[in-house]
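Following: one structure in structure tokens, then a few remarks.
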Amino acid sequence: MALVRKGALSVRATVLPRLAMPACARRGGTTLGYEPMPTALPSPRASLFPRTAWFDRRTPAALSAAPKQRGDARARGRHAYQDIIDGLLREVPGISPKYFYDQKGSELFTQITEVPEYYPTRTEHALMVGHGPDIARAIGKGGVVIELGAGSCEKARGLCRLLQPFYFIGIDISADYLQDGVARLRADLPGLDARAVGGDITRGVQLPADLPQTHRLVFYPGSSIGNFDPPQAVELLTHMRELAGANGGLLIGIDLPKDTAVLEAAYDDAAGVTAAFNRNILSHVNRLIQADFDPQQWQHRAFFNTATSRIEMHLEARTPQRVRWAGGGRDFAAGERIHTENSYKYTVPVFSKMLAQAGFSQPQAWTDERGWYAMVHART
Ligand SMILES: C[S@@+](CC[C@H](N)C(=O)[O-])C[C@H]1O[C@@H](n2cnc3c(N)ncnc32)[C@H](O)[C@@H]1O
């Protein structure tokens, strides 16, 4: 069973044709000349993946036929290279938030969850503790838990104690960090068959063939669904429903709209952990595309966009920047921004409609007293 189907959406409608001179060149930013490529990285001219595809268009069968790990790693490297450069050359440059999560980024995210301003993790935890028995009754015990973006597996531990599933599958793009988390989970819950699957949920992930097809719960905590624009979120939810299968369900965390000051503080904490997390994406990108970003030259910006009901995170050039990467580069004007993350805030009724569009039924939500956060369960 693979979390991938043929449906395709455009992630970013503003993608420029590959290698086209970005409009930023007309207002300050310029593309640098392309140089011969090092052989380790793909040519930016190679048409490797359909740029409009959000989910990889390859079928699950094609994915299972994919050759061995080394070939997979090369394909992942090619995809990341093209994906990042396409984003950097856009009129409004952007880097997908999935590139936050190298080992350092995963560690920084864990630190973010501990800063006083970052309420989502604590609120979600309190909801799971306070409403645990109700949530367990709604879901039922046993079965299979599949967590997307499982990271350190801290949340999995609590849920698995509650539901006592037979199998736990953690999926994460930060594969080494996930492996450590799953190993700790196995040590703590010896009766549980817990496995780690490294992969990108937006591209297709191959699950173990022996996993039961029924009574699957897809667990997607942390309001990570907010990182996708609404149409993409519905598409991803649809894939989650397919993954959960018959007699399955989804347990998902969503961050609710609230006071702007509370929201903005959560994404710009006083200790500067979120700023370090945001800047770390440039260090990761440096390794992925052999670029020379100087992270210290980029200022962390986070604000709530009321019109779209989303937090936006950007990196803003402190001074004019010339950035080179394998095969090219571009200039950034002082003050120019790279968009690194959105985090949409949905009300429960709006999110319930999205669940219905994705084919889920009987949504049930638990919220905290302040109405800041919700855990939502829905059936396939
Ligand atoms: C915001 S953190 C949430 C971690 C944890 N689930 C929680 O709720 O605290 C997002 C997690 O999803 C993972 N992730 C981000 N994009 C991903 C993708 N496209 N595919 C798989 N995992 C992804 C990250 O590595 C990280 O562990």
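The way I read the labels, and the way they are meant: chains A, B, ... in the order of the structure tokens, residue 1 as the first residue of every chain, and ligand 1 as the first ligand shown, with later ones counted on from there.
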
For Val197 (chain A), list every protein, DNA or RNA residue within 8 Å, evaluated using only C-alpha atoms, and leave out those in the same chain fewer than 6 positions away; present the list as a PyMOL selection string. chain A and resi 169-172+175+205-207

Can I get the selection written as a PDB file, in the first residue's frame, with C-alpha atoms?
```
ATOM      1  CA  ILE A 169       4.541   2.616  11.419  1.00  0.00           C
ATOM      2  CA  GLY A 170       6.313   5.960  11.707  1.00  0.00           C
ATOM      3  CA  ILE A 171       6.947   7.806   8.450  1.00  0.00           C
ATOM      4  CA  ASP A 172       9.264  10.785   8.210  1.00  0.00           C
ATOM      5  CA  ALA A 175      14.919   9.199   8.366  1.00  0.00           C
ATOM      6  CA  VAL A 205       5.890   6.117   0.508  1.00  0.00           C
ATOM      7  CA  GLN A 206       6.168   2.346   0.347  1.00  0.00           C
ATOM      8  CA  LEU A 207       4.729   0.603   3.405  1.00  0.00           C
TER       9      LEU A 207
END
```

As a VMD selection string, please: every residue in region 63-176 of chain A that DSSP puts in strand (DSSP E or B). chain A and resid 94 144 to 148 167 to 172

Any chance you can output those residues with C-alpha atoms as a compact mmCIF listing (two decimals), in the first residue's frame?
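And here's part.txt as it stands now:
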```
# COMPACT_ATOMS: atom_id res chain seq x y z
CA GLY A 94 10.34 29.93 -1.87
CA VAL A 144 -2.47 -0.37 13.17
CA VAL A 145 -1.28 3.18 13.82
CA ILE A 146 0.47 4.95 10.94
CA GLU A 147 1.94 8.30 11.93
CA LEU A 148 2.92 10.77 9.21
CA TYR A 167 1.64 -2.33 14.71
CA PHE A 168 3.07 1.17 14.61
CA ILE A 169 4.54 2.62 11.42
CA GLY A 170 6.31 5.96 11.71
CA ILE A 171 6.95 7.81 8.45
CA ASP A 172 9.26 10.79 8.21
```

Distance query region 182-195 of chain A at most 9 Å, only C-alpha atoms, self and fewer than 6 positions along chain excluded, as an NGL selection string: :A and (150-154 or 156-157 or 160-161 or 164-171 or 208)

Name each residue within 8 Å of ligand 1, counting only C-alpha atoms and all ligand atoms, as a tab-separated table (two decimals) with N, CA and C atoms, in the first residue's frame.
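Output below, filename part.tsv:
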```
chain	number	residue	atom	x	y	z
A	97	PRO	N	8.81	23.75	3.03
A	97	PRO	CA	9.13	23.51	4.44
A	97	PRO	C	9.66	22.11	4.71
A	98	LYS	N	9.47	21.20	3.76
A	98	LYS	CA	9.99	19.85	4.03
A	98	LYS	C	11.52	19.85	4.12
A	99	TYR	N	12.17	20.89	3.59
A	99	TYR	CA	13.64	20.96	3.68
A	99	TYR	C	14.13	21.55	5.00
A	100	PHE	N	13.21	21.85	5.92
A	100	PHE	CA	13.64	22.23	7.27
A	100	PHE	C	14.32	21.06	7.98
A	101	TYR	N	13.91	19.83	7.59
A	101	TYR	CA	14.17	18.71	8.48
A	101	TYR	C	15.37	17.86	8.10
A	102	ASP	N	16.58	18.45	8.24
A	102	ASP	CA	17.74	17.58	8.35
A	102	ASP	C	17.84	17.23	9.84
A	106	SER	N	15.44	18.84	12.72
A	106	SER	CA	14.55	18.02	13.55
A	106	SER	C	14.80	18.31	15.03
A	109	PHE	N	13.35	21.64	15.84
A	109	PHE	CA	11.90	21.61	15.99
A	109	PHE	C	11.52	21.09	17.37
A	110	THR	N	12.22	20.06	17.84
A	110	THR	CA	11.92	19.55	19.18
A	110	THR	C	12.13	20.65	20.22
A	113	THR	N	9.22	23.05	20.40
A	113	THR	CA	8.04	22.56	21.14
A	113	THR	C	8.17	22.83	22.64
A	121	THR	N	2.07	22.20	20.85
A	121	THR	CA	2.46	20.87	21.34
A	121	THR	C	1.88	20.63	22.74
A	147	GLU	N	1.77	6.86	11.66
A	147	GLU	CA	1.94	8.30	11.93
A	147	GLU	C	2.75	8.95	10.80
A	148	LEU	N	2.22	10.02	10.25
A	148	LEU	CA	2.92	10.77	9.21
A	148	LEU	C	3.72	11.89	9.87
A	149	GLY	N	4.98	12.04	9.49
A	149	GLY	CA	5.83	13.06	10.11
A	149	GLY	C	6.06	12.74	11.57
A	150	ALA	N	6.40	11.49	11.86
A	150	ALA	CA	6.45	11.01	13.25
A	150	ALA	C	7.60	11.61	14.06
A	151	GLY	N	8.66	12.04	13.39
A	151	GLY	CA	9.78	12.71	14.07
A	151	GLY	C	10.34	11.89	15.22
A	152	SER	N	10.32	12.47	16.41
A	152	SER	CA	10.90	11.81	17.59
A	152	SER	C	9.99	10.71	18.15
A	153	CYS	N	8.78	10.58	17.63
A	153	CYS	CA	7.79	9.57	18.07
A	153	CYS	C	7.30	9.81	19.51
A	154	GLU	N	7.50	11.00	20.03
A	154	GLU	CA	7.02	11.31	21.39
A	154	GLU	C	5.51	11.19	21.47
A	155	LYS	N	4.82	11.67	20.44
A	155	LYS	CA	3.35	11.63	20.48
A	155	LYS	C	2.85	10.21	20.26
A	171	ILE	N	6.42	7.37	9.75
A	171	ILE	CA	6.95	7.81	8.45
A	171	ILE	C	7.51	9.21	8.63
A	172	ASP	N	8.70	9.43	8.12
A	172	ASP	CA	9.26	10.79	8.21
A	172	ASP	C	10.34	10.98	7.15
A	173	ILE	N	10.45	12.21	6.69
A	173	ILE	CA	11.47	12.57	5.71
A	173	ILE	C	12.85	12.61	6.37
A	174	SER	N	12.88	12.85	7.68
A	174	SER	CA	14.13	12.91	8.43
A	174	SER	C	14.39	11.50	8.98
A	175	ALA	N	14.94	10.64	8.11
A	175	ALA	CA	14.92	9.20	8.37
A	175	ALA	C	15.75	8.79	9.59
A	178	LEU	N	14.02	9.74	12.77
A	178	LEU	CA	12.88	8.84	12.96
A	178	LEU	C	13.35	7.48	13.50
A	198	GLY	N	11.40	5.75	6.18
A	198	GLY	CA	11.87	7.07	5.74
A	198	GLY	C	11.24	7.40	4.41
A	199	GLY	N	10.71	8.61	4.25
A	199	GLY	CA	10.14	8.97	2.96
A	199	GLY	C	9.40	10.29	3.01
A	200	ASP	N	9.08	10.75	1.82
A	200	ASP	CA	8.41	12.04	1.65
A	200	ASP	C	6.94	11.76	1.36
A	201	ILE	N	6.07	12.15	2.27
A	201	ILE	CA	4.65	11.80	2.11
A	201	ILE	C	4.01	12.51	0.92
A	202	THR	N	4.64	13.54	0.40
A	202	THR	CA	4.05	14.21	-0.76
A	202	THR	C	4.49	13.55	-2.07
A	203	ARG	N	5.37	12.56	-1.98
A	203	ARG	CA	5.87	11.94	-3.20
A	203	ARG	C	5.53	10.46	-3.29
A	220	TYR	N	-1.92	12.16	12.32
A	220	TYR	CA	-1.17	13.30	11.75
A	220	TYR	C	-1.29	14.47	12.73
A	221	PRO	N	-0.47	14.45	13.79
A	221	PRO	CA	-0.60	15.48	14.83
A	221	PRO	C	0.20	16.73	14.48
A	222	GLY	N	0.24	17.66	15.42
A	222	GLY	CA	1.14	18.81	15.30
A	222	GLY	C	0.66	19.90	14.36
A	223	SER	N	-0.57	19.80	13.87
A	223	SER	CA	-1.16	20.76	12.90
A	223	SER	C	-0.30	20.90	11.65
A	224	SER	N	0.42	19.82	11.30
A	224	SER	CA	1.25	19.86	10.09
A	224	SER	C	0.41	20.00	8.82
```

So which one's closest to Arg137 (chain A), A:Leu163, A:Tyr119, A:Glu91, A:Tyr177? Using only C-alpha atoms, please. A:Leu163

I'd like to know which of A:His300, A:His125, A:Arg78, A:His377 is closest to Phe351 (chain A), using only C-alpha atoms. A:His377

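The nearest approach to Gly329 (chain A) among the residues A:Phe277, A:Leu88, A:His79, A:Ala365, with only C-alpha atoms taken into account, belongs to A:Leu88.
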